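K.L.:
Here you go, this is run.pdb (PDB, C-alpha atoms).
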MODEL        1
ATOM      1  CA  MET A   1      27.358 -12.135 -18.986  1.00  0.00           C
ATOM      2  CA  ASN A   2      25.116  -9.304 -20.182  1.00  0.00           C
ATOM      3  CA  LYS A   3      24.435  -6.181 -18.142  1.00  0.00           C
ATOM      4  CA  LYS A   4      20.798  -7.082 -17.479  1.00  0.00           C
ATOM      5  CA  ARG A   5      21.806 -10.369 -15.875  1.00  0.00           C
ATOM      6  CA  GLU A   6      24.654  -8.686 -13.985  1.00  0.00           C
ATOM      7  CA  LEU A   7      22.180  -6.154 -12.573  1.00  0.00           C
ATOM      8  CA  GLN A   8      19.757  -8.921 -11.516  1.00  0.00           C
ATOM      9  CA  LYS A   9      22.650 -10.762  -9.872  1.00  0.00           C
ATOM     10  CA  LEU A  10      23.775  -7.572  -8.095  1.00  0.00           C
ATOM     11  CA  ASN A  11      20.241  -6.890  -6.803  1.00  0.00           C
ATOM     12  CA  THR A  12      19.870 -10.473  -5.552  1.00  0.00           C
ATOM     13  CA  SER A  13      23.217 -10.551  -3.744  1.00  0.00           C
ATOM     14  CA  MET A  14      22.767  -7.060  -2.278  1.00  0.00           C
ATOM     15  CA  HIS A  15      19.326  -8.002  -0.961  1.00  0.00           C
ATOM     16  CA  GLU A  16      20.856 -11.027   0.767  1.00  0.00           C
ATOM     17  CA  MET A  17      23.718  -8.967   2.234  1.00  0.00           C
ATOM     18  CA  CYS A  18      21.821  -5.770   3.073  1.00  0.00           C
ATOM     19  CA  THR A  19      21.742  -4.973   6.792  1.00  0.00           C
ATOM     20  CA  CYS A  20      18.973  -2.347   6.544  1.00  0.00           C
ATOM     21  CA  LYS A  21      16.514  -2.834   9.424  1.00  0.00           C
ATOM     22  CA  LEU A  22      13.590  -1.974   7.117  1.00  0.00           C
ATOM     23  CA  LYS A  23      14.070  -5.387   5.509  1.00  0.00           C
ATOM     24  CA  ALA A  24      12.374  -6.974   8.540  1.00  0.00           C
ATOM     25  CA  THR A  25       9.106  -5.032   8.114  1.00  0.00           C
ATOM     26  CA  ALA A  26       8.906  -4.794   4.308  1.00  0.00           C
ATOM     27  CA  ILE A  27       6.741  -7.152   2.245  1.00  0.00           C
ATOM     28  CA  ASN A  28       9.052  -6.989  -0.786  1.00  0.00           C
ATOM     29  CA  VAL A  29      12.407  -5.591  -1.743  1.00  0.00           C
ATOM     30  CA  VAL A  30      12.079  -2.805  -4.323  1.00  0.00           C
ATOM     31  CA  SER A  31      15.498  -2.885  -5.945  1.00  0.00           C
ATOM     32  CA  GLY A  32      14.660  -0.980  -9.125  1.00  0.00           C
ATOM     33  CA  LYS A  33      13.368  -1.467 -12.644  1.00  0.00           C
ATOM     34  CA  GLY A  34      14.244  -0.555 -16.190  1.00  0.00           C
ATOM     35  CA  SER A  35      17.123  -0.802 -18.622  1.00  0.00           C
ATOM     36  CA  ALA A  36      20.566  -1.892 -17.479  1.00  0.00           C
ATOM     37  CA  ASP A  37      21.868   0.199 -20.409  1.00  0.00           C
ATOM     38  CA  ALA A  38      19.956   3.353 -19.453  1.00  0.00           C
ATOM     39  CA  ASP A  39      21.412   6.804 -20.104  1.00  0.00           C
ATOM     40  CA  ILE A  40      19.323   8.152 -17.197  1.00  0.00           C
ATOM     41  CA  VAL A  41      18.823   6.775 -13.690  1.00  0.00           C
ATOM     42  CA  PHE A  42      15.975   8.319 -11.670  1.00  0.00           C
ATOM     43  CA  ILE A  43      16.329   7.983  -7.906  1.00  0.00           C
ATOM     44  CA  GLY A  44      13.511   8.475  -5.423  1.00  0.00           C
ATOM     45  CA  GLU A  45      13.580   8.321  -1.651  1.00  0.00           C
ATOM     46  CA  ALA A  46      11.997   5.005  -0.635  1.00  0.00           C
ATOM     47  CA  PRO A  47       9.223   2.637  -1.743  1.00  0.00           C
ATOM     48  CA  GLY A  48       5.659   3.427  -0.703  1.00  0.00           C
ATOM     49  CA  LYS A  49       2.816   1.039   0.161  1.00  0.00           C
ATOM     50  CA  LYS A  50       1.952  -0.003  -3.425  1.00  0.00           C
ATOM     51  CA  GLU A  51       5.615  -0.408  -4.340  1.00  0.00           C
ATOM     52  CA  ASP A  52       6.198  -2.578  -1.274  1.00  0.00           C
ATOM     53  CA  GLU A  53       3.216  -4.778  -2.171  1.00  0.00           C
ATOM     54  CA  LYS A  54       4.342  -5.301  -5.783  1.00  0.00           C
ATOM     55  CA  GLY A  55       8.119  -5.050  -5.439  1.00  0.00           C
ATOM     56  CA  GLU A  56       8.300  -2.357  -8.153  1.00  0.00           C
ATOM     57  CA  PRO A  57       9.275   1.314  -7.910  1.00  0.00           C
ATOM     58  CA  PHE A  58       6.959   4.229  -8.722  1.00  0.00           C
ATOM     59  CA  ILE A  59       3.713   2.398  -9.482  1.00  0.00           C
ATOM     60  CA  GLY A  60       1.266   4.629  -7.588  1.00  0.00           C
ATOM     61  CA  ALA A  61      -0.105   8.039  -8.577  1.00  0.00           C
ATOM     62  CA  ALA A  62       3.390   9.594  -8.552  1.00  0.00           C
ATOM     63  CA  GLY A  63       4.542   6.828 -10.902  1.00  0.00           C
ATOM     64  CA  LYS A  64       1.694   7.556 -13.325  1.00  0.00           C
ATOM     65  CA  PHE A  65       2.697  11.221 -13.352  1.00  0.00           C
ATOM     66  CA  LEU A  66       6.320  10.216 -13.956  1.00  0.00           C
ATOM     67  CA  ASP A  67       5.177   8.040 -16.890  1.00  0.00           C
ATOM     68  CA  GLU A  68       3.302  11.050 -18.341  1.00  0.00           C
ATOM     69  CA  MET A  69       6.403  13.213 -18.095  1.00  0.00           C
ATOM     70  CA  LEU A  70       8.588  10.510 -19.642  1.00  0.00           C
ATOM     71  CA  GLY A  71       6.095  10.256 -22.527  1.00  0.00           C
ATOM     72  CA  SER A  72       6.210  14.027 -22.997  1.00  0.00           C
ATOM     73  CA  VAL A  73       9.939  13.779 -23.820  1.00  0.00           C
ATOM     74  CA  LYS A  74       9.553  10.598 -25.912  1.00  0.00           C
ATOM     75  CA  LEU A  75      10.898   8.238 -23.259  1.00  0.00           C
ATOM     76  CA  SER A  76       9.406   5.214 -21.536  1.00  0.00           C
ATOM     77  CA  ARG A  77      10.312   3.151 -18.492  1.00  0.00           C
ATOM     78  CA  GLU A  78      12.123   0.734 -20.800  1.00  0.00           C
ATOM     79  CA  ASP A  79      14.565   3.537 -21.701  1.00  0.00           C
ATOM     80  CA  ILE A  80      15.514   4.496 -18.143  1.00  0.00           C
ATOM     81  CA  TYR A  81      16.306   2.863 -14.818  1.00  0.00           C
ATOM     82  CA  ILE A  82      14.390   3.876 -11.724  1.00  0.00           C
ATOM     83  CA  THR A  83      15.227   3.051  -8.144  1.00  0.00           C
ATOM     84  CA  ASN A  84      15.264   4.533  -4.648  1.00  0.00           C
ATOM     85  CA  VAL A  85      17.920   5.521  -2.148  1.00  0.00           C
ATOM     86  CA  VAL A  86      16.389   2.962   0.259  1.00  0.00           C
ATOM     87  CA  LYS A  87      15.240  -0.394  -1.119  1.00  0.00           C
ATOM     88  CA  TYR A  88      12.626  -1.246   1.538  1.00  0.00           C
ATOM     89  CA  ARG A  89       9.498   0.624   2.635  1.00  0.00           C
ATOM     90  CA  PRO A  90       9.773   2.565   5.879  1.00  0.00           C
ATOM     91  CA  PRO A  91       6.734   1.815   8.123  1.00  0.00           C
ATOM     92  CA  ASP A  92       3.854   4.307   7.688  1.00  0.00           C
ATOM     93  CA  ASN A  93       5.808   5.946   4.837  1.00  0.00           C
ATOM     94  CA  ARG A  94       8.028   7.791   7.307  1.00  0.00           C
ATOM     95  CA  ASP A  95      11.298   9.267   6.089  1.00  0.00           C
ATOM     96  CA  PRO A  96      14.153   6.750   6.082  1.00  0.00           C
ATOM     97  CA  SER A  97      16.677   7.295   8.851  1.00  0.00           C
ATOM     98  CA  PRO A  98      20.276   8.266   8.018  1.00  0.00           C
ATOM     99  CA  GLN A  99      21.334   4.741   9.081  1.00  0.00           C
ATOM    100  CA  GLU A 100      18.796   3.097   6.736  1.00  0.00           C
ATOM    101  CA  VAL A 101      20.052   5.279   3.882  1.00  0.00           C
ATOM    102  CA  GLU A 102      23.639   4.356   4.742  1.00  0.00           C
ATOM    103  CA  ASP A 103      22.771   0.631   4.884  1.00  0.00           C
ATOM    104  CA  CYS A 104      21.465   0.770   1.287  1.00  0.00           C
ATOM    105  CA  TRP A 105      24.157   3.128  -0.092  1.00  0.00           C
ATOM    106  CA  MET A 106      26.585   0.449  -1.329  1.00  0.00           C
ATOM    107  CA  TRP A 107      23.683  -1.156  -3.218  1.00  0.00           C
ATOM    108  CA  LEU A 108      22.772   2.108  -4.961  1.00  0.00           C
ATOM    109  CA  CYS A 109      26.439   2.739  -5.803  1.00  0.00           C
ATOM    110  CA  GLY A 110      26.662  -0.773  -7.289  1.00  0.00           C
ATOM    111  CA  GLN A 111      23.612  -0.154  -9.480  1.00  0.00           C
ATOM    112  CA  ILE A 112      24.929   3.204 -10.731  1.00  0.00           C
ATOM    113  CA  ASP A 113      28.409   1.783 -11.316  1.00  0.00           C
ATOM    114  CA  LEU A 114      27.037  -1.125 -13.357  1.00  0.00           C
ATOM    115  CA  ILE A 115      24.509   0.881 -15.402  1.00  0.00           C
ATOM    116  CA  ASP A 116      26.970   3.775 -15.782  1.00  0.00           C
ATOM    117  CA  PRO A 117      24.334   6.352 -16.807  1.00  0.00           C
ATOM    118  CA  LEU A 118      25.153   9.685 -18.409  1.00  0.00           C
ATOM    119  CA  LEU A 119      22.742  11.443 -16.044  1.00  0.00           C
ATOM    120  CA  ILE A 120      21.456  10.812 -12.515  1.00  0.00           C
ATOM    121  CA  VAL A 121      18.160  12.466 -11.588  1.00  0.00           C
ATOM    122  CA  PRO A 122      17.478  12.681  -7.835  1.00  0.00           C
ATOM    123  CA  LEU A 123      13.719  13.078  -7.329  1.00  0.00           C
ATOM    124  CA  GLY A 124      12.916  15.259  -4.328  1.00  0.00           C
ATOM    125  CA  ARG A 125      14.784  16.600  -1.348  1.00  0.00           C
ATOM    126  CA  HIS A 126      15.673  13.283   0.296  1.00  0.00           C
ATOM    127  CA  ALA A 127      17.305  11.824  -2.808  1.00  0.00           C
ATOM    128  CA  LEU A 128      19.026  15.153  -3.525  1.00  0.00           C
ATOM    129  CA  GLU A 129      20.404  15.239   0.046  1.00  0.00           C
ATOM    130  CA  ARG A 130      22.224  11.959  -0.591  1.00  0.00           C
ATOM    131  CA  PHE A 131      24.135  13.447  -3.531  1.00  0.00           C
ATOM    132  CA  VAL A 132      24.302  17.138  -2.604  1.00  0.00           C
ATOM    133  CA  PRO A 133      24.100  17.513   1.179  1.00  0.00           C
ATOM    134  CA  GLY A 134      22.627  20.798   2.374  1.00  0.00           C
ATOM    135  CA  GLN A 135      21.163  21.792  -1.007  1.00  0.00           C
ATOM    136  CA  LYS A 136      17.466  22.790  -0.942  1.00  0.00           C
ATOM    137  CA  ILE A 137      15.287  21.221  -3.655  1.00  0.00           C
ATOM    138  CA  SER A 138      13.412  24.537  -3.962  1.00  0.00           C
ATOM    139  CA  GLU A 139      16.688  26.138  -5.103  1.00  0.00           C
ATOM    140  CA  ALA A 140      18.270  23.183  -6.949  1.00  0.00           C
ATOM    141  CA  HIS A 141      15.296  21.960  -9.022  1.00  0.00           C
ATOM    142  CA  GLY A 142      15.754  22.314 -12.772  1.00  0.00           C
ATOM    143  CA  ASN A 143      19.518  22.685 -12.419  1.00  0.00           C
ATOM    144  CA  SER A 144      22.214  20.351 -13.634  1.00  0.00           C
ATOM    145  CA  PHE A 145      25.622  20.009 -12.070  1.00  0.00           C
ATOM    146  CA  ARG A 146      28.667  17.778 -12.203  1.00  0.00           C
ATOM    147  CA  ARG A 147      29.650  16.497  -8.817  1.00  0.00           C
ATOM    148  CA  GLU A 148      32.177  14.212  -7.170  1.00  0.00           C
ATOM    149  CA  VAL A 149      30.329  11.817  -4.844  1.00  0.00           C
ATOM    150  CA  SER A 150      32.102   9.280  -2.663  1.00  0.00           C
ATOM    151  CA  GLY A 151      31.668   5.799  -4.129  1.00  0.00           C
ATOM    152  CA  LEU A 152      30.472   7.131  -7.499  1.00  0.00           C
ATOM    153  CA  GLY A 153      33.232   9.380  -8.794  1.00  0.00           C
ATOM    154  CA  SER A 154      32.413  12.458 -10.857  1.00  0.00           C
ATOM    155  CA  ARG A 155      28.980  12.350 -12.512  1.00  0.00           C
ATOM    156  CA  ASP A 156      26.259  14.579 -13.962  1.00  0.00           C
ATOM    157  CA  TYR A 157      23.108  15.245 -11.904  1.00  0.00           C
ATOM    158  CA  PHE A 158      19.817  17.004 -12.590  1.00  0.00           C
ATOM    159  CA  ALA A 159      17.615  17.887  -9.610  1.00  0.00           C
ATOM    160  CA  LEU A 160      13.835  17.517  -9.889  1.00  0.00           C
ATOM    161  CA  TYR A 161      10.959  17.825  -7.473  1.00  0.00           C
ATOM    162  CA  HIS A 162       9.524  14.434  -6.566  1.00  0.00           C
ATOM    163  CA  PRO A 163       6.406  13.684  -8.674  1.00  0.00           C
ATOM    164  CA  ALA A 164       4.447  13.080  -5.430  1.00  0.00           C
ATOM    165  CA  ALA A 165       5.170  16.677  -4.348  1.00  0.00           C
ATOM    166  CA  ALA A 166       3.406  17.929  -7.494  1.00  0.00           C
ATOM    167  CA  LEU A 167       0.379  15.763  -6.656  1.00  0.00           C
ATOM    168  CA  TYR A 168       0.095  17.306  -3.193  1.00  0.00           C
ATOM    169  CA  ASN A 169       0.972  20.821  -4.300  1.00  0.00           C
ATOM    170  CA  GLY A 170      -0.632  21.658  -7.644  1.00  0.00           C
ATOM    171  CA  SER A 171       1.533  24.749  -8.146  1.00  0.00           C
ATOM    172  CA  LEU A 172       4.611  22.498  -8.441  1.00  0.00           C
ATOM    173  CA  ARG A 173       3.084  20.497 -11.295  1.00  0.00           C
ATOM    174  CA  GLU A 174       3.873  23.064 -14.023  1.00  0.00           C
ATOM    175  CA  THR A 175       7.332  23.675 -12.559  1.00  0.00           C
ATOM    176  CA  LEU A 176       8.113  19.956 -12.636  1.00  0.00           C
ATOM    177  CA  ILE A 177       6.801  19.545 -16.201  1.00  0.00           C
ATOM    178  CA  LYS A 178       8.875  22.539 -17.338  1.00  0.00           C
ATOM    179  CA  ASP A 179      12.025  21.265 -15.589  1.00  0.00           C
ATOM    180  CA  PHE A 180      11.480  17.766 -16.987  1.00  0.00           C
ATOM    181  CA  SER A 181      11.160  19.077 -20.555  1.00  0.00           C
ATOM    182  CA  THR A 182      14.843  20.111 -20.484  1.00  0.00           C
ATOM    183  CA  VAL A 183      16.086  16.526 -19.860  1.00  0.00           C
ATOM    184  CA  PRO A 184      16.574  15.560 -23.562  1.00  0.00           C
ATOM    185  CA  LYS A 185      18.609  18.721 -24.339  1.00  0.00           C
ATOM    186  CA  LEU A 186      20.719  18.175 -21.244  1.00  0.00           C
ATOM    187  CA  LEU A 187      21.367  14.560 -22.245  1.00  0.00           C
ATOM    188  CA  GLU A 188      22.474  15.664 -25.722  1.00  0.00           C
ATOM    189  CA  LYS A 189      24.844  18.225 -24.200  1.00  0.00           C
ATOM    190  CA  ILE A 190      26.396  15.529 -21.942  1.00  0.00           C
ATOM    191  CA  LYS A 191      26.741  13.109 -24.897  1.00  0.00           C
ATOM    192  CA  LYS A 192      28.614  15.764 -26.902  1.00  0.00           C
ATOM    193  CA  LYS A 193      31.126  16.197 -24.067  1.00  0.00           C
ATOM    194  CA  LYS A 194      31.881  12.451 -23.901  1.00  0.00           C
TER     195      LYS A 194
ENDMDL
END
Written as structure tokens, how would this file's structure read?
P.N.:
Amino acid sequence: MNKKRELQKLNTSMHEMCTCKLKATAINVVSGKGSADADIVFIGEAPGKKEDEKGEPFIGAAGKFLDEMLGSVKLSREDIYITNVVKYRPPDNRDPSPQEVEDCWMWLCGQIDLIDPLLIVPLGRHALERFVPGQKISEAHGNSFRREVSGLGSRDYFALYHPAAALYNGSLRETLIKDFSTVPKLLEKIKKKK
């Protein structure tokens, strides 16, 4: 069985098994999208309204900005995998609760394990908190680090502001673009170590 089909199978079975309470209020599951052979997995916090309606991650204004940044480093959505810590939309776009994050954790670990990316990019403070508890995004953004995370083993991470943050705070836009521009060099460095 190829990786793409394995990933689809994983997402289907995890959706059936998932005990996250958000499942009851969501329109669609937003499991993730992109290449099952991706070198980079981008991880946001949770689906928003548009994502919930379509069942796809990052399709609103923040997604368009992400697409621009991917294009600026000669990547497209077909080259990466993008998902969220939580697979269902929290009502009124509230932050997911620690329990909701925990309920979706095994699913995220399964996706990362199957794709086996060289680099994981948490987008924003909530995603970063899942991998590096207590670290502030304002201090961690633009930095890479290797970290041992329960359920995932030792992996490489690169912290970025969430694209939505740059839409609400124009001063973060240039910072995010600058940080993002270092992704290809970082990927090359990781490949050389392998």
K.L.:
What would the selection look like, as a PyMOL selection string, if the PyMOL selection byres ((chain A and resi 183-188) around 12) were run on the coordinates I just shared?
P.N.:
chain A and resi 38-42+69-75+117-121+142-145+156-160+176-182+189-194
K.L.:
With only C-alpha atoms as the counted atoms, please give the residues lying no more than 9 Å from A:Lys49, apart from itself and same-chain residues fewer than 2 positions off, as a PDB file with C-alpha atoms, in the coordinates of the input.
P.N.:
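So the final result, stored in out-v7.pdb, reads:
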ATOM      1  CA  PRO A  47       9.223   2.637  -1.743  1.00  0.00           C
ATOM      2  CA  GLU A  51       5.615  -0.408  -4.340  1.00  0.00           C
ATOM      3  CA  ASP A  52       6.198  -2.578  -1.274  1.00  0.00           C
ATOM      4  CA  GLU A  53       3.216  -4.778  -2.171  1.00  0.00           C
ATOM      5  CA  LYS A  54       4.342  -5.301  -5.783  1.00  0.00           C
ATOM      6  CA  GLY A  60       1.266   4.629  -7.588  1.00  0.00           C
ATOM      7  CA  ARG A  89       9.498   0.624   2.635  1.00  0.00           C
ATOM      8  CA  PRO A  91       6.734   1.815   8.123  1.00  0.00           C
ATOM      9  CA  ASP A  92       3.854   4.307   7.688  1.00  0.00           C
ATOM     10  CA  ASN A  93       5.808   5.946   4.837  1.00  0.00           C
TER      11      ASN A  93
END
K.L.:
In Å to one decimal, how far is atom CA of A:Val85 from atom CA of A:Ala46?
P.N.:
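Those two atoms sit 6.1 Å apart.
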K.L.:
Would you mind reading off the distance between atom CA of A:Lys21 and atom CA of A:Val149, one decimal, in Å?
P.N.:
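Straight-line distance from atom CA of A:Lys21 to atom CA of A:Val149 works out to 24.7 Å.
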K.L.:
Give me the residues within 12 Å of A:Lys64 as a list in words, counting all atoms listed in the file and dropping any in the same chain fewer than 5 places off.
P.N.:
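Residues near the query, excluding close chain neighbours: Pro57, Phe58, Ile59, Met69, Leu70, Gly71, Ser76, Arg77, Pro163, Ala164 and Leu167 of chain A.
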K.L.:
Considering only C-alpha atoms, state which residue in the set A:Pro96, A:Pro90, A:Gln135, A:Trp105 is at the smallest distance from A:Thr25.
P.N.:
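Distance minimum relative to A:Thr25 lands on A:Pro90.
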K.L.:
I'd like to see the residues matched by the PyMOL selection byres ((chain A and resi 10) around 12) on this file, and ideally I'd get them as a list in words.
P.N.:
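Here the PyMOL selection byres ((chain A and resi 10) around 12) matches Lys3, Lys4, Arg5, Glu6, Leu7, Gln8, Lys9, Asn11, Thr12, Ser13, Met14, His15, Glu16, Met17, Cys18, Ser31, Gly32, Ala36, Met106, Trp107, Leu108, Cys109, Gly110, Gln111, Ile112, Asp113, Leu114 and Ile115 of chain A.
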K.L.:
Quick one, how far is atom CA of A:Tyr161 from atom CA of A:Ile27?
P.N.:
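Taking atom CA of A:Tyr161 as the start and atom CA of A:Ile27 as the end point, the length is 27.1 Å.
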K.L.:
Smallest atom-to-atom distance to A:Lys50: which of A:Glu78, A:Pro122, A:Arg94, A:Val30, using all atoms listed in the file?
P.N.:
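That would be A:Val30, the residue with the smallest distance to A:Lys50.
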K.L.:
To box stretch 105-113 of chain A, take all atoms listed in the file, fit an axis-aligned box, add 4 Å on each side, and give centre and edge lengths in Å to one decimal, as AutoDock Vina command-line options.
P.N.:
--center_x 25.6 --center_y 1.0 --center_z -5.7 --size_x 13.6 --size_y 12.4 --size_z 19.2
K.L.:
Decode the PyMOL selection byres ((chain A and resi 86) around 7) for the given file into explicit residues and return them as an MDAnalysis selection string.
P.N.:
chainID A and resid 45:46 84:85 87:88 100:101 104
K.L.:
Which is closest to A:Ile137 among A:Pro98, A:Gly34, A:Gly124, A:Gly48, if we use all atoms listed in the file?
P.N.:
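Result for the nearest residue to A:Ile137: A:Gly124.
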